[in-house]
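This report concerns only the one structure given below.
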Amino acid sequence: MSGRFFRRTDPDTIIQKLCIKAVYEYKLIAEGDRILIGTSGGKDSTVLAWALAAIRPALKINYELAALHISGDFDGCGNTPVLSRQLSGWDIPLYDQYVPVIGRLKEGRKMNCYWCSTQRRTELLKYAMENNFNKIALGHHLDDIIETFFMNLCGKGRLETMPIMLTYRKYPVTLIRPLALLEEKQIIACAEGHDIMKTACTCAFGLNSQRRDFRKGIAAFTTEANLNPGEAKRAILRAMEPRPHS
């Protein structure tokens, strides 16, 4: 898709087109899937829920959608009644489960993003398996994936990032990230059009400082190199994909 397409097309169409492209290219959804959306009440997971409902007619694939909200023991976990009304408008049932994320910390440990995401992911997997969902959809987008790649490259010396699709060996569940081809700014534009930004929650712990620094660095790099940021990020994403052996 050209830069002209992104400049002239409305946010809803961009979200749907790129979600459909991701579904087809990475084979994210199959006939009969039961998909559990991990929804925090934030803009990304809420737009993901809207998109998966909106693209169903175009995909011509029969799949079920439901959402799970993990309530925690700290502020910024989302307004469940508002979220429930939003999702019900898209025919997506919402379930809520309380998890004492801070309460599970061992003595002397401090709250951090990695610990929180690990606890939430564990509960999502458990709920999915107990309720016969074979896929879990997460709201990570292109910026999340590229930032994670550079964080792992520079911090761990590994060429790794969030996979667009991850099939567990130990569990009968697959993780999918249908927003993988979308920049955050495109998600924000869509969220504003649906008034999602007015009710979206923000984590009380804020954006990880290291991730914020890498986000600034990527923006500076693409600007200095006179690159189109979206095209550059998608090129990096393609470069990370495994290639067949010659």
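In the structure tokens, the first chain shown is A, the next is B, and so on; residue numbers restart at 1 for each chain, and ligands run from 1 in the order shown.
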Fewer than 4 positions away in the same chain doesn't count, so skip those; otherwise give me all residues within 10 Å of range 23-39 of chain A, counting only C-alpha atoms, as a VMD selection string.
-> chain A and resid 17 to 19 43 to 49 52 59 to 70 77 to 78 83 92 to 96 120 to 121 123 to 125 127 to 128 131 to 139 164 to 166 173 to 180
Hey, which of A:Val101, A:Ile146, A:Met151, A:Ile188 ends up closest to Ile15 in chain A? Count only C-alpha atoms.
-> A:Ile188
Running DSSP on the backbone, which parts of range 24-219 of chain A land in strand (DSSP E or B), as a PyMOL selection string?
-> chain A and resi 34-38+64-71+94-98+135-137+165-167+174-176
